[in-house]
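*Asks:* What follows is model_20.tsv, made up of TSV, C-alpha atoms:
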```tsv
chain	number	residue	atom	x	y	z
A	12	MET	CA	14.38	-28.13	-49.00
A	13	VAL	CA	10.95	-29.71	-49.32
A	14	VAL	CA	10.23	-33.40	-49.78
A	15	LYS	CA	9.50	-33.94	-53.47
A	16	ASP	CA	6.98	-36.36	-54.95
A	17	SER	CA	9.90	-38.17	-56.60
A	18	GLU	CA	11.20	-39.01	-53.09
A	19	LEU	CA	8.00	-40.67	-51.92
A	20	PRO	CA	8.94	-44.13	-53.29
A	21	TYR	CA	12.02	-44.16	-51.03
A	22	LEU	CA	9.88	-43.19	-48.05
A	23	ARG	CA	7.28	-45.81	-48.93
A	24	ARG	CA	10.08	-48.37	-48.97
A	25	CYS	CA	11.06	-47.21	-45.48
A	26	VAL	CA	7.50	-47.89	-44.31
A	27	GLU	CA	7.64	-51.34	-45.96
A	28	LEU	CA	10.91	-52.06	-44.16
A	29	ALA	CA	9.35	-50.92	-40.88
A	30	ALA	CA	6.49	-53.37	-41.52
A	31	GLU	CA	9.06	-56.12	-42.21
A	32	ALA	CA	10.70	-55.36	-38.86
A	33	LEU	CA	7.31	-55.61	-37.16
A	34	GLU	CA	6.60	-58.96	-38.87
A	35	ALA	CA	9.99	-60.18	-37.57
A	36	GLY	CA	8.95	-59.24	-34.02
A	37	ASP	CA	10.93	-56.02	-33.91
A	38	GLU	CA	10.13	-52.35	-33.46
A	39	PRO	CA	8.86	-50.85	-36.73
A	40	PHE	CA	11.63	-48.71	-38.19
A	41	GLY	CA	13.11	-48.84	-41.69
A	42	SER	CA	15.67	-46.78	-43.61
A	43	VAL	CA	17.07	-46.48	-47.13
A	44	LEU	CA	20.41	-44.94	-48.18
A	45	VAL	CA	20.23	-43.30	-51.61
A	46	GLY	CA	23.17	-42.04	-53.63
A	47	ALA	CA	23.41	-38.69	-55.39
A	48	GLY	CA	22.14	-40.24	-58.63
A	49	GLY	CA	19.01	-41.67	-57.01
A	50	GLU	CA	20.27	-45.25	-56.74
A	51	VAL	CA	19.46	-47.23	-53.60
A	52	LEU	CA	22.82	-48.09	-52.04
A	53	ALA	CA	21.65	-49.96	-48.93
A	54	GLU	CA	18.60	-50.48	-46.77
A	55	ASP	CA	17.79	-52.00	-43.41
A	56	HIS	CA	15.19	-52.28	-40.69
A	57	ASN	CA	15.32	-52.35	-36.92
A	58	ARG	CA	16.98	-55.39	-35.36
A	59	VAL	CA	16.93	-54.52	-31.65
A	60	ALA	CA	14.90	-57.61	-30.72
A	61	SER	CA	18.24	-59.45	-30.83
A	62	GLY	CA	19.06	-57.73	-27.54
A	63	ASP	CA	21.48	-55.21	-29.05
A	64	ARG	CA	19.63	-51.89	-28.72
A	65	THR	CA	22.13	-50.20	-31.09
A	66	ARG	CA	20.84	-52.19	-34.11
A	67	HIS	CA	18.86	-49.26	-35.52
A	68	PRO	CA	18.73	-49.10	-39.33
A	69	GLU	CA	20.06	-45.53	-39.42
A	70	PHE	CA	23.11	-46.58	-37.39
A	71	GLU	CA	23.68	-49.61	-39.63
A	72	LEU	CA	23.50	-47.43	-42.75
A	73	ALA	CA	26.01	-44.99	-41.26
A	74	ARG	CA	28.41	-47.88	-40.60
A	75	TRP	CA	27.81	-49.33	-44.08
A	76	SER	CA	28.48	-45.95	-45.71
A	77	ALA	CA	31.74	-45.49	-43.77
A	78	ALA	CA	32.96	-48.85	-45.05
A	79	HIS	CA	31.77	-48.55	-48.66
A	80	LEU	CA	31.60	-44.90	-49.72
A	81	THR	CA	34.10	-42.09	-50.11
A	82	PRO	CA	33.61	-38.97	-47.99
A	83	GLY	CA	32.23	-37.18	-51.06
A	84	GLU	CA	29.75	-39.96	-51.80
A	85	ARG	CA	28.59	-39.97	-48.19
A	86	ALA	CA	28.07	-36.20	-48.18
A	87	ALA	CA	26.01	-36.42	-51.39
A	88	ALA	CA	23.83	-39.30	-50.14
A	89	THR	CA	20.40	-39.05	-48.52
A	90	VAL	CA	19.05	-41.24	-45.74
A	91	TYR	CA	15.30	-41.78	-45.98
A	92	THR	CA	13.74	-43.18	-42.85
A	93	SER	CA	10.39	-44.01	-41.30
A	94	GLY	CA	11.24	-42.12	-38.12
A	95	GLU	CA	13.55	-39.23	-37.33
A	96	HIS	CA	16.95	-40.39	-36.09
A	97	CYS	CA	17.39	-40.89	-32.35
A	98	PRO	CA	20.38	-39.10	-30.73
A	99	MET	CA	22.64	-42.15	-31.22
A	100	CYS	CA	21.80	-42.42	-34.92
A	101	ALA	CA	21.98	-38.66	-35.51
A	102	ALA	CA	25.48	-38.66	-34.02
A	103	ALA	CA	26.58	-41.62	-36.17
A	104	HIS	CA	25.13	-39.91	-39.26
A	105	ALA	CA	27.08	-36.72	-38.53
A	106	TRP	CA	30.32	-38.50	-37.56
A	107	VAL	CA	30.52	-40.40	-40.87
A	108	GLY	CA	29.57	-37.29	-42.86
A	109	LEU	CA	26.34	-38.43	-44.44
A	110	GLY	CA	24.19	-35.85	-46.22
A	111	ARG	CA	20.52	-35.05	-45.92
A	112	ILE	CA	17.96	-36.92	-43.80
A	113	VAL	CA	14.30	-37.22	-44.83
A	114	TYR	CA	11.93	-38.79	-42.31
A	115	VAL	CA	8.25	-39.74	-42.30
A	116	ALA	CA	7.52	-39.19	-38.59
A	117	SER	CA	9.38	-36.87	-36.23
A	118	SER	CA	10.84	-37.80	-32.86
A	119	GLY	CA	8.22	-35.56	-31.29
A	120	GLN	CA	5.39	-37.38	-33.05
A	121	LEU	CA	6.80	-40.74	-31.99
A	122	ALA	CA	7.16	-39.60	-28.36
A	123	GLU	CA	3.55	-38.41	-28.39
A	124	TRP	CA	2.28	-41.66	-29.91
A	125	LEU	CA	4.22	-43.82	-27.45
A	126	GLY	CA	3.07	-41.67	-24.54
A	127	GLU	CA	-0.56	-42.17	-25.60
A	128	LEU	CA	0.09	-45.93	-25.64
A	129	GLY	CA	1.63	-45.87	-22.15
A	130	VAL	CA	5.07	-46.94	-23.38
A	131	PRO	CA	7.85	-46.04	-20.91
A	132	ALA	CA	10.25	-43.31	-22.00
A	133	PRO	CA	13.50	-44.46	-23.66
A	134	PRO	CA	16.82	-44.21	-21.78
A	135	LEU	CA	17.83	-41.19	-23.91
A	136	ARG	CA	16.15	-37.83	-24.20
A	137	THR	CA	13.99	-37.38	-27.27
A	138	LEU	CA	15.87	-34.82	-29.34
A	139	SER	CA	15.54	-33.62	-32.90
A	140	VAL	CA	18.42	-34.32	-35.26
A	141	HIS	CA	19.22	-30.59	-35.25
A	142	GLU	CA	19.78	-30.65	-31.49
A	143	VAL	CA	22.39	-33.42	-31.90
A	144	ALA	CA	23.83	-32.66	-35.35
A	145	PRO	CA	23.03	-29.04	-36.22
A	146	GLY	CA	24.85	-29.13	-39.56
A	147	VAL	CA	22.76	-31.94	-41.07
A	148	ILE	CA	20.01	-30.97	-43.53
A	149	VAL	CA	16.76	-32.54	-42.36
A	150	ASP	CA	13.31	-32.67	-43.96
A	151	GLY	CA	10.09	-34.11	-42.55
A	152	PRO	CA	7.64	-35.10	-41.37
A	153	VAL	CA	5.71	-36.42	-44.36
A	154	PRO	CA	2.02	-36.30	-43.38
A	155	GLU	CA	0.77	-38.53	-46.22
A	156	LEU	CA	2.73	-41.48	-44.77
A	157	ALA	CA	2.83	-40.64	-41.05
A	158	GLU	CA	-0.43	-42.39	-40.22
A	159	GLU	CA	0.94	-45.65	-41.68
A	160	VAL	CA	3.95	-45.40	-39.37
A	161	HIS	CA	1.67	-44.54	-36.44
A	162	ALA	CA	-0.41	-47.66	-37.17
A	163	LEU	CA	2.72	-49.85	-37.18
A	164	HIS	CA	3.71	-48.56	-33.74
A	165	ARG	CA	0.20	-49.16	-32.42
A	166	ARG	CA	0.37	-52.75	-33.71
A	167	PHE	CA	3.78	-53.30	-32.11
A	168	HIS	CA	2.84	-51.95	-28.70
A	169	LEU	CA	-0.78	-53.11	-28.51
A	170	GLY	CA	-0.26	-56.51	-30.12
```
Go through the file and emit its structure as C-alpha cells.
*Replies:*
Amino acid sequence: MVVKDSELPYLRRCVELAAEALEAGDEPFGSVLVGAGGEVLAEDHNRVASGDRTRHPEFELARWSAAHLTPGERAAATVYTSGEHCPMCAAAHAWVGLGRIVYVASSGQLAEWLGELGVPAPPLRTLSVHEVAPGVIVDGPVPELAEEVHALHRRFHLG
C-alpha cells in the first residue's frame, strides 16, 4: 500500500509532536494512533528524557491500545509516526496486534543521520520493522516530510 495524500495530515501531526518533544528537551519523535474510520484515538511524543528509555510514543500507543481497544479495533488501526519503530516498539506493536505502520523517516535514514552527527550507536541493533515483526504492514518513508524530521534531529543533537 502507498501513503495517500489523505494520510499526510496524520504524518504532519507526528512531526508536530516530534517538535513538541524537542521543545520539552526530549528526542524528537511523535506518533498518532488512528482508528479504522480515520479518527485519532491517541497520540504521544518521546518522553525518554525522564530517564526511562522505554518511553517511546510507539510503545505508549501500543500499551494504550491494549487497554482501550478490542483485538479487532487494534488490527484495523494505523500507527503514524515520525520515525520507523525501533525493535522494542515493533515488538510491542506486533504483540498487541496493531495494524499498519506508516512512518516519515526509516530506521536506516535515522542511523545515517545520527552517524553523520557523530551520535553513538544505540544499545540495540538498527532493524527495520519487518526484521522484528514480519507480519506487520509497513509504509514509508515519506520524502516530502523527511527533511523536517532530519532538521529536528540536527537541532536536538547539535543544540
*Asks:* Please identify all polymer residues within 7 Å of region 137-153 of chain A, counting all atoms listed in the file, omitting same-chain residues fewer than 5 positions from it, and present them as an MDAnalysis selection string.
*Replies:* chainID A and resid 12:14 96:98 101:102 105 110:118
*Asks:* Neighbouring residues of His79 (chain A) were defined as those with any atom within 12 Å, considering all atoms listed in the file; residues of the same chain fewer than 6 positions away were excluded. Please report them as number ranges by chain.
*Replies:* A: 44, 46, 52-53, 72-73, 85, 107
*Asks:* Those selected residues, please, written with C-alpha atoms and delivered as a PDB file, in the coordinates of the input.
*Replies:*
```pdb
ATOM      1  CA  LEU A  44      20.410 -44.940 -48.180  1.00  0.00           C
ATOM      2  CA  GLY A  46      23.170 -42.040 -53.630  1.00  0.00           C
ATOM      3  CA  LEU A  52      22.820 -48.090 -52.040  1.00  0.00           C
ATOM      4  CA  ALA A  53      21.650 -49.960 -48.930  1.00  0.00           C
ATOM      5  CA  LEU A  72      23.500 -47.430 -42.750  1.00  0.00           C
ATOM      6  CA  ALA A  73      26.010 -44.990 -41.260  1.00  0.00           C
ATOM      7  CA  ARG A  85      28.590 -39.970 -48.190  1.00  0.00           C
ATOM      8  CA  VAL A 107      30.520 -40.400 -40.870  1.00  0.00           C
TER       9      VAL A 107
END
```
*Asks:* Just how far from CA of Gly49 (chain A) is CA of Thr65 (chain A), in Å to one decimal?
*Replies:*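 Distance between the two atoms: 27.5 Å.
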*Asks:* Of the residues A:Glu31, A:Glu123, A:Glu69, A:Glu38, which is the one nearest to Thr89 (chain A), using all atoms listed in the file?
*Replies:*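 Checking each candidate against Thr89 (chain A), we get A:Glu69 as the closest.
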*Asks:* Mind giving me the straight-line distance from CA of Gly62 (chain A) to CA of Ala157 (chain A) in Å, one decimal?
*Replies:*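 That distance, rounded to one decimal, is 27.2 Å.
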*Asks:* Between A:Ala77, A:Leu128, A:Val51, A:Leu163, which one has atoms that come closest to Ala30 (chain A), using all atoms listed in the file?
*Replies:*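 When distances to Ala30 (chain A) are compared using all atoms listed in the file, the smallest one comes from A:Leu163.
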*Asks:* Identify, on the basis of all atoms listed in the file, every residue whose closest approach to Asp37 (chain A) does not exceed 12 Å; exclude the query and any residue fewer than 5 positions from it along the same chain; express the result as a list in words.
*Replies:*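 Everything that qualifies: Leu28, Ala29, Ala30, Glu31, Ala32, His56, Asn57, Arg58, Val59, Ala60, Ser61, Gly62, Asp63, Arg64, Arg66, His67, Pro68, Leu163, His164, Arg166, Phe167, His168 and Gly170 of chain A.
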*Asks:* My list of candidates is A:Thr81, A:Arg23, A:Glu127, A:Thr92. Which is closest to Asp55 (chain A) when distances are computed with all atoms listed in the file?
*Replies:*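 Comparing A:Thr81, A:Arg23, A:Glu127, A:Thr92 against Asp55 (chain A), the winner is A:Thr92.
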*Asks:* Rebuild region 117-133 of chain A to N, CA and C atoms - output it as a JSON list (two decimals), in the frame of the given file, please.
*Replies:*
```
[["chain", "number", "residue", "atom", "x", "y", "z"],
["A", 117, "SER", "N", 8.37, -37.52, -37.06],
["A", 117, "SER", "CA", 9.38, -36.87, -36.23],
["A", 117, "SER", "C", 9.53, -37.57, -34.88],
["A", 118, "SER", "N", 10.63, -37.28, -34.21],
["A", 118, "SER", "CA", 10.84, -37.80, -32.86],
["A", 118, "SER", "C", 9.74, -37.33, -31.92],
["A", 119, "GLY", "N", 9.31, -36.09, -32.11],
["A", 119, "GLY", "CA", 8.22, -35.56, -31.29],
["A", 119, "GLY", "C", 6.92, -36.31, -31.50],
["A", 120, "GLN", "N", 6.60, -36.61, -32.77],
["A", 120, "GLN", "CA", 5.39, -37.38, -33.05],
["A", 120, "GLN", "C", 5.48, -38.76, -32.40],
["A", 121, "LEU", "N", 6.63, -39.42, -32.56],
["A", 121, "LEU", "CA", 6.80, -40.74, -31.99],
["A", 121, "LEU", "C", 6.65, -40.70, -30.46],
["A", 122, "ALA", "N", 7.27, -39.72, -29.82],
["A", 122, "ALA", "CA", 7.16, -39.60, -28.36],
["A", 122, "ALA", "C", 5.70, -39.42, -27.94],
["A", 123, "GLU", "N", 4.98, -38.62, -28.69],
["A", 123, "GLU", "CA", 3.55, -38.41, -28.39],
["A", 123, "GLU", "C", 2.77, -39.71, -28.56],
["A", 124, "TRP", "N", 2.99, -40.40, -29.67],
["A", 124, "TRP", "CA", 2.28, -41.66, -29.91],
["A", 124, "TRP", "C", 2.57, -42.68, -28.81],
["A", 125, "LEU", "N", 3.85, -42.84, -28.46],
["A", 125, "LEU", "CA", 4.22, -43.82, -27.45],
["A", 125, "LEU", "C", 3.67, -43.44, -26.08],
["A", 126, "GLY", "N", 3.66, -42.14, -25.79],
["A", 126, "GLY", "CA", 3.07, -41.67, -24.54],
["A", 126, "GLY", "C", 1.60, -42.02, -24.45],
["A", 127, "GLU", "N", 0.88, -41.83, -25.54],
["A", 127, "GLU", "CA", -0.56, -42.17, -25.60],
["A", 127, "GLU", "C", -0.78, -43.65, -25.38],
["A", 128, "LEU", "N", 0.19, -44.48, -25.80],
["A", 128, "LEU", "CA", 0.09, -45.93, -25.64],
["A", 128, "LEU", "C", 0.60, -46.42, -24.28],
["A", 129, "GLY", "N", 1.12, -45.50, -23.47],
["A", 129, "GLY", "CA", 1.63, -45.87, -22.15],
["A", 129, "GLY", "C", 2.99, -46.54, -22.19],
["A", 130, "VAL", "N", 3.74, -46.35, -23.26],
["A", 130, "VAL", "CA", 5.07, -46.94, -23.38],
["A", 130, "VAL", "C", 6.06, -46.13, -22.55],
["A", 131, "PRO", "N", 6.87, -46.78, -21.72],
["A", 131, "PRO", "CA", 7.85, -46.04, -20.91],
["A", 131, "PRO", "C", 8.82, -45.25, -21.80],
["A", 132, "ALA", "N", 9.30, -44.15, -21.26],
["A", 132, "ALA", "CA", 10.25, -43.31, -22.00],
["A", 132, "ALA", "C", 11.55, -44.07, -22.25],
["A", 133, "PRO", "N", 12.22, -43.80, -23.37],
["A", 133, "PRO", "CA", 13.50, -44.46, -23.66],
["A", 133, "PRO", "C", 14.58, -43.96, -22.70]]
```
